[in-house]
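Student: I have a structure here, written as structure tokens, and I will follow up with some questions on it.
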Amino acid sequence: MNVKTRFPPSPTGYLHVGSLRTALYNYFFAKKYNGKFLLRIEDTDRERYVEGAVESLIGTLERMKIDYDEGPVVRNGKIVEKGNNGPYVQSARLEIYKKYANQLVDSGHAYYCFCSKERLTKLREQQQAIKQTTKYDRNCLKLSAEEIQTKLQSGESNVIRMKIPDGKTMFHDEIRGDVTIDNQEIDDQVLLKADGFPTYHLAVVVDDYLMGVTHIIRGEEWISSVPKHVILYNWFGFPIPIFAHLPLILNPDKTKLSKRQGDVAVEDYLAKGFLEEALENFVSLLGFNPTADREIYTREELIEHFDLKKINKSGAVFDVNKLLWMNGQYIKKLSDEDFVSRVKPFLKGKVEDDILRRICKIEKSRINLLSDISAVVDSYQSNPVYEKELLVWKKSDSKDAKLQLKNILEFISSIDEIVFNDPQLIEQAISRYIKDNDLENGNVLWPLRVSLSGAERSPSPFELLWVLQKQESLKRIEHAVKILS
RNA sequence: GGCCCCAUCGUCUAUCGGUUAGGACAUCAGGUUUUCAUCCUGGUAAGGGGGGUUCGACUCCCCCUGGGGUCACCA
């Protein structure tokens with residue numbers, strides 16, 4: 001099977017998580033069948049043009065390790081193209097679209113329209129008022145060839161519209177099956193805008209054909225415009241590609257995932273401390289289940305099991321809670337050094353490598369977001385502040401807490417520095433101390449832990465001693481003894 | 001509103017006519033631990049409604065209901 005898929009984003013300055021999933025599925029599909037995957041920039045709306053958006057988009061794809069066989073790439077800060085079917089940026093293909101649009105005008109499938117936006121708006125309002133389908137009324141179709149010539153020559157603003165034929169249009173979707181629609185429902189879609197740019201509809205059809213795209217995998221919001229595209233394919237005599245419309249990714253209230261209801265940009269999630277691979281895993285499982293026996297999959301597994309037939313039809317709510325859990329799972333699986341290096345960009349101030357390494361080691365199982373590390377690091381680097389009552393174990397009293405602290409202070413100062421190289425050695429030493437002196441764990445460990453962390457909940461005293469090391473630990477315990485006096 | 005799409009626990013999902021309807025997140029209750037996190041055990045929780053088809057329907061068909069998408073010189 002000769003497969004070629006594509007990811008055609010409009011550069012808006014960020015990558016939507018829904019777009020990420022679309023890109024991933026296209027990528028998985030191409031990889032699975034040994035096909036090609038291409039990136040095409042659909043920047044035909046100059047009103048939404050954002051400076052630097054293409055570069056940032058490419059950067060995000062790079063960060064997500066989604067590479068493509070053809071399309072624009074950034075080299076030395078400049079956008080260059082790879083592949084033989086370019087240009088891959090639509091704004092650089094204006095002549096091509098014009099040629100195809102004119103071809104349709106010549107063959108009578110499309111016509112010039114000179115109607116003003118005001119007229120069109122008014123028309124639409126009238127149609128809406130009487131609850132009619134909003135469609136162009138073909139006013140300009142009445143124009144004679146001479147009138148059109150005159151208007152064109154005088155430079156009157158114009159667009160080219162499809163002349164939708166009568167009948168019905170049917171297409172097949174790999175996920176949804178056959179879909180049929182009456183052509184009466186289809187508007188005489190504008191193909192070429194007054195500014196010379198094509199609309200999406202003309203551009204996709206032409207580009208997908210010219211670039212050899214065989215499979216179109218995209219969001220469900222496009223399904224209603226497929227008939228227009230099918231008509232275009234037929235007019236041009238292009239083979240009709242295989243369509244697969246993905247279920248939408250939803251807000252908790254089941255509407256299409258939108259910015260208003262939370263983060264929607266991949267960049268935002270990454271900035272919050274989600275791992276690229278966790279985000280990929282999570283988003284891939286929205287609408288697709290590889291093997292149903294687990295939640296965590298590597299990219300290779302995702303590719304291996306990817307199948308358009310396995311994609312669900314109904315929309316999927318983006319549950320940040322589950323993403324958080326999954327991120328925690330990925331963090332726990334990170335090697336110690338990998339975790340340290342991933343966490344570094346989230347650090348606010350300077351932190352010594354040694355202590356950072358120790359902190360990371362004991363916090364790995366307690367953190368779901370990389371960004372959580374900064375608050376944690378702060379708590380180790382500043383003196384703990386707490387009420388002295390906190391030092392008292394629930395089954396004991398203040399007097400005992402003070403006594404235990406005094407004794408353990410003495411004991412810890414007697415411990416060899418070398419023991420502080422390993423939290424397990426520390427634990428052994430202290431456990432032996434408790435046993436030898438016939439003490440209770442809680443009576444000793446609770447005040448000790450609070451004196452070191454200042455918190456009701458924290459890692460174990462052994463881990464804290466290890467992170468803080470001997471000197472700092474003694475300092476904190478001394479302080480606790482003092483405030484209990 | 002027209003058209004199109006969709007419909008299993010709160011959420012993500014498994015089930016391709018016969019299952020005590022399974023798993024995961026969340027939640028609740030236990031266990032482990034000085035506390036927390038991790039980890040382990042267990043519980044609550046689902047096939048929108050009505051008709052068919054069939055010996056038998058969550059599964060196939062129809063209707064209703066509900067939800068969503070789309071109706072631009074935006075993608």
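Order determines the names: the first chain of the structure tokens is A, the second B, and so forth; residues in each chain are numbered 1 upward, and ligands are numbered 1 upward as they are shown.
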Segment 94-123 of chain A: which residues are alpha helix (DSSP H) by DSSP, as a PyMOL selection string?
Tutor: chain A and resi 94-106+117-123
Student: Please identify all residues of chain B having at least one atom at most 8 Å from any atom of chain A, considering only C-alpha atoms (C1' of nucleotides), and return them as a ChimeraX atom specification.
Tutor: /B:1-4,6-7,11-14,23-26,34-38,67-71,73-75
Student: Could you name the residues that touch C62 of chain B at 12 Å or less, counting only C-alpha atoms (C1' of nucleotides), but leaving out those on the same chain fewer than 4 positions away, as a list of chain:residue names?
Tutor: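 That gives B:G50, B:G51, B:G52, B:U53.
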Student: Could you work out how far atom C1' of G17 of chain B lies from atom C1' of U54 of chain B, giving the answer in Å with one decimal?
Tutor: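 About the pair atom C1' of U54 of chain B and atom C1' of G17 of chain B: they are 8.6 Å apart.
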Student: Would you please work out which residue, of B:A29, B:C61, B:A21, B:C16, is nearest to U44 of chain B when using only C-alpha atoms (C1' of nucleotides)?
Tutor: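 With only C-alpha atoms (C1' of nucleotides) as the atom set, the closest residue is B:A29.
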Student: What is the atom CA of Glu280 of chain A to atom CA of Ile217 of chain A distance in Å?
Tutor: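 Between atom CA of Glu280 of chain A and atom CA of Ile217 of chain A the gap is 17.1 Å.
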Student: Distance atom CA of Asp336 of chain A-atom CA of Val377 of chain A, one decimal place?
Tutor: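 It comes out at 15.9 Å.
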Student: To test your reading of the structure, identify every residue in segment 11-213 of chain A that backbone DSSP assigns to strand (DSSP E or B), and report it as a PyMOL selection string.
Tutor: chain A and resi 16+36-39+41+70-75+78-82+89+110-113+159-162+168-173+177-182+190-192+198
Student: Go ahead and dump the residues you just picked, C-alpha atoms, as a compact mmCIF listing (two decimals), in the first residue's frame.
Tutor:
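Listed below is the output, result.txt:
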```txt
# COMPACT_ATOMS: atom_id res chain seq x y z
CA HIS A 16 -3.75 22.88 19.80
CA LYS A 36 5.34 9.33 3.94
CA PHE A 37 4.19 12.06 6.26
CA LEU A 38 4.28 15.67 5.26
CA LEU A 39 3.79 19.01 6.90
CA ILE A 41 1.42 25.21 6.33
CA GLU A 70 8.47 16.59 3.47
CA GLY A 71 7.72 20.12 4.47
CA PRO A 72 9.25 23.27 5.88
CA VAL A 73 12.02 22.95 8.45
CA VAL A 74 14.03 25.57 10.30
CA ARG A 75 17.78 25.62 9.62
CA LYS A 78 15.59 30.25 8.48
CA ILE A 79 12.73 28.29 7.02
CA VAL A 80 13.84 25.99 4.25
CA GLU A 81 11.97 23.16 2.62
CA LYS A 82 12.64 19.49 2.26
CA VAL A 89 3.61 26.87 2.53
CA ALA A 110 -17.13 28.16 -11.19
CA TYR A 111 -18.05 31.81 -11.67
CA TYR A 112 -17.03 35.30 -10.69
CA CYS A 113 -18.94 37.01 -7.95
CA VAL A 159 -14.15 36.22 -5.86
CA ILE A 160 -14.55 32.93 -7.65
CA ARG A 161 -17.33 30.65 -6.48
CA MET A 162 -18.16 27.01 -7.05
CA LYS A 168 -26.48 14.24 -4.18
CA THR A 169 -22.90 13.75 -3.11
CA MET A 170 -21.69 10.67 -1.33
CA PHE A 171 -18.39 9.82 0.21
CA HIS A 172 -16.92 7.13 2.35
CA ASP A 173 -15.27 7.75 5.67
CA GLY A 177 -18.90 4.73 6.85
CA ASP A 178 -20.87 6.21 3.99
CA VAL A 179 -22.20 9.73 4.23
CA THR A 180 -24.59 11.22 1.72
CA ILE A 181 -25.72 14.79 1.44
CA ASP A 182 -28.07 16.60 -0.87
CA VAL A 190 -15.85 30.78 -2.51
CA LEU A 191 -12.72 29.21 -3.95
CA LEU A 192 -10.55 32.21 -4.55
CA PRO A 198 -7.53 30.54 -2.00
```
Student: Excluding Asn183 of chain A and any residue of its chain fewer than 6 positions from it, enumerate the residues within 10 Å of it, using only C-alpha atoms (C1' of nucleotides), and give them as a ChimeraX atom specification.
Tutor: /A:164-170,227-228,231
